[in-house]
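Some notes on the structure that comes next.
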Amino acid sequence: MKSKKEVRIKAVPDATMELPYPRLYANLALVQSTPFDFTIRFCDALPMYDIPEAPDGEIIENKIPIVAEIVLPVGVFPNLIEAMTKHFDQYMQVYGEPKKDEKKKRNPKISA
């Protein structure tokens with residue numbers, strides 16, 4: 001029989017995590033394809049609270065940094081989709097439907 005152990009979590013402001021790989025944050029993924037591969041660009045997009053005024057017909061350009069770019073051969077992409085679908089289904093069973101993106105609700109002209 002396993003005994004219960006107490007775990008205490010302590011936040012340390014100057015502590016660093018030693019990972020064998022870089023950990024990046026992205027809240028936007030852009031996908032492009034060629035006949036040979038799929039490119040996924042992960043970006044860190046800050047929300048646009050105040051959308052600048054632009055003359056009619058003019059496009060507002062919001063430049064965002066790409067934090068990582070991954071190129072996958074076509075044969076690997078279906079496996080990625082299958083794995084992501086499986087994990088998203090598990091997520092929904094535990095946490096339910098994710099909340100809609102508030103940014104898109106406020107301004108439907110902004111799209112990913």
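Labeling convention for the structure tokens: chains A, B, ... as they appear, residues from 1 per chain, ligands from 1 in order of appearance.
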
Original post:
Would you give me, as a PyMOL selection string, the residues in chain A that DSSP reads as strand (DSSP E or B)?
Top reply: chain A and resi 28-33+37-43+66-73

Please produce a file of the residues just selected, as an mmCIF file, in the first residue's frame, where the atoms kept are N, CA and C atoms.
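After the write, again_2.cif holds the following:
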```cif
data_model
loop_
_atom_site.group_PDB
_atom_site.id
_atom_site.type_symbol
_atom_site.label_atom_id
_atom_site.label_comp_id
_atom_site.auth_asym_id
_atom_site.auth_seq_id
_atom_site.Cartn_x
_atom_site.Cartn_y
_atom_site.Cartn_z
ATOM 1 N N LEU A 28 -0.474 31.699 -31.547
ATOM 2 C CA LEU A 28 -0.949 31.731 -32.931
ATOM 3 C C LEU A 28 -0.083 30.786 -33.752
ATOM 4 N N ALA A 29 -0.705 29.955 -34.563
ATOM 5 C CA ALA A 29 0.033 29.063 -35.449
ATOM 6 C C ALA A 29 -0.460 29.295 -36.872
ATOM 7 N N LEU A 30 0.473 29.513 -37.774
ATOM 8 C CA LEU A 30 0.158 29.710 -39.190
ATOM 9 C C LEU A 30 0.679 28.505 -39.959
ATOM 10 N N VAL A 31 -0.141 27.963 -40.851
ATOM 11 C CA VAL A 31 0.236 26.756 -41.582
ATOM 12 C C VAL A 31 0.261 27.057 -43.075
ATOM 13 N N GLN A 32 1.336 26.638 -43.728
ATOM 14 C CA GLN A 32 1.452 26.733 -45.185
ATOM 15 C C GLN A 32 1.919 25.380 -45.703
ATOM 16 N N SER A 33 1.671 25.109 -46.974
ATOM 17 C CA SER A 33 2.091 23.824 -47.521
ATOM 18 C C SER A 33 2.639 23.967 -48.934
ATOM 19 N N ASP A 37 5.884 19.397 -48.287
ATOM 20 C CA ASP A 37 5.925 19.538 -46.836
ATOM 21 C C ASP A 37 4.910 20.562 -46.337
ATOM 22 N N PHE A 38 4.754 20.574 -45.027
ATOM 23 C CA PHE A 38 3.912 21.548 -44.333
ATOM 24 C C PHE A 38 4.814 22.365 -43.418
ATOM 25 N N THR A 39 4.618 23.667 -43.394
ATOM 26 C CA THR A 39 5.361 24.544 -42.509
ATOM 27 C C THR A 39 4.394 25.128 -41.499
ATOM 28 N N ILE A 40 4.758 24.989 -40.221
ATOM 29 C CA ILE A 40 3.962 25.571 -39.150
ATOM 30 C C ILE A 40 4.825 26.635 -38.488
ATOM 31 N N ARG A 41 4.330 27.856 -38.491
ATOM 32 C CA ARG A 41 5.033 28.960 -37.836
ATOM 33 C C ARG A 41 4.264 29.312 -36.571
ATOM 34 N N PHE A 42 4.939 29.209 -35.440
ATOM 35 C CA PHE A 42 4.343 29.531 -34.153
ATOM 36 C C PHE A 42 4.719 30.964 -33.801
ATOM 37 N N CYS A 43 3.719 31.771 -33.446
ATOM 38 C CA CYS A 43 3.931 33.197 -33.194
ATOM 39 C C CYS A 43 3.427 33.575 -31.807
ATOM 40 N N ILE A 66 7.743 35.555 -34.987
ATOM 41 C CA ILE A 66 7.714 34.097 -35.112
ATOM 42 C C ILE A 66 8.681 33.563 -34.067
ATOM 43 N N VAL A 67 8.200 32.692 -33.168
ATOM 44 C CA VAL A 67 9.076 32.156 -32.131
ATOM 45 C C VAL A 67 9.651 30.798 -32.508
ATOM 46 N N ALA A 68 8.993 30.105 -33.447
ATOM 47 C CA ALA A 68 9.510 28.817 -33.913
ATOM 48 C C ALA A 68 8.880 28.494 -35.259
ATOM 49 N N GLU A 69 9.631 27.793 -36.082
ATOM 50 C CA GLU A 69 9.133 27.341 -37.385
ATOM 51 C C GLU A 69 9.499 25.874 -37.525
ATOM 52 N N ILE A 70 8.497 25.060 -37.833
ATOM 53 C CA ILE A 70 8.709 23.623 -37.981
ATOM 54 C C ILE A 70 8.232 23.206 -39.365
ATOM 55 N N VAL A 71 9.083 22.486 -40.069
ATOM 56 C CA VAL A 71 8.748 21.983 -41.400
ATOM 57 C C VAL A 71 8.634 20.463 -41.298
ATOM 58 N N LEU A 72 7.457 19.941 -41.699
ATOM 59 C CA LEU A 72 7.190 18.506 -41.626
ATOM 60 C C LEU A 72 6.957 17.939 -43.016
ATOM 61 N N PRO A 73 7.538 16.772 -43.313
ATOM 62 C CA PRO A 73 7.221 16.123 -44.583
ATOM 63 C C PRO A 73 5.732 15.778 -44.640
#
```

Subject >> A:Glu58, A:Ser3, A:Val74, A:Met92 ranked by distance to Thr34 of chain A, top pick (using only C-alpha atoms) >> reply: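 Using only C-alpha atoms, the shortest distance to Thr34 of chain A belongs to A:Val74.
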
**OP:** Quick one: pull the distance between atom CA of Thr85 of chain A and atom CA of Tyr25 of chain A, Å, one decimal.
**Re:**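 Pair atom CA of Thr85 of chain A / atom CA of Tyr25 of chain A returns 20.5 Å.
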
Subject >> From A:Ala15, A:Pro22, A:Leu46, A:Val76, residue lying nearest Lys63 of chain A [only C-alpha atoms] >> reply: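 The closest residue to Lys63 of chain A is A:Leu46.
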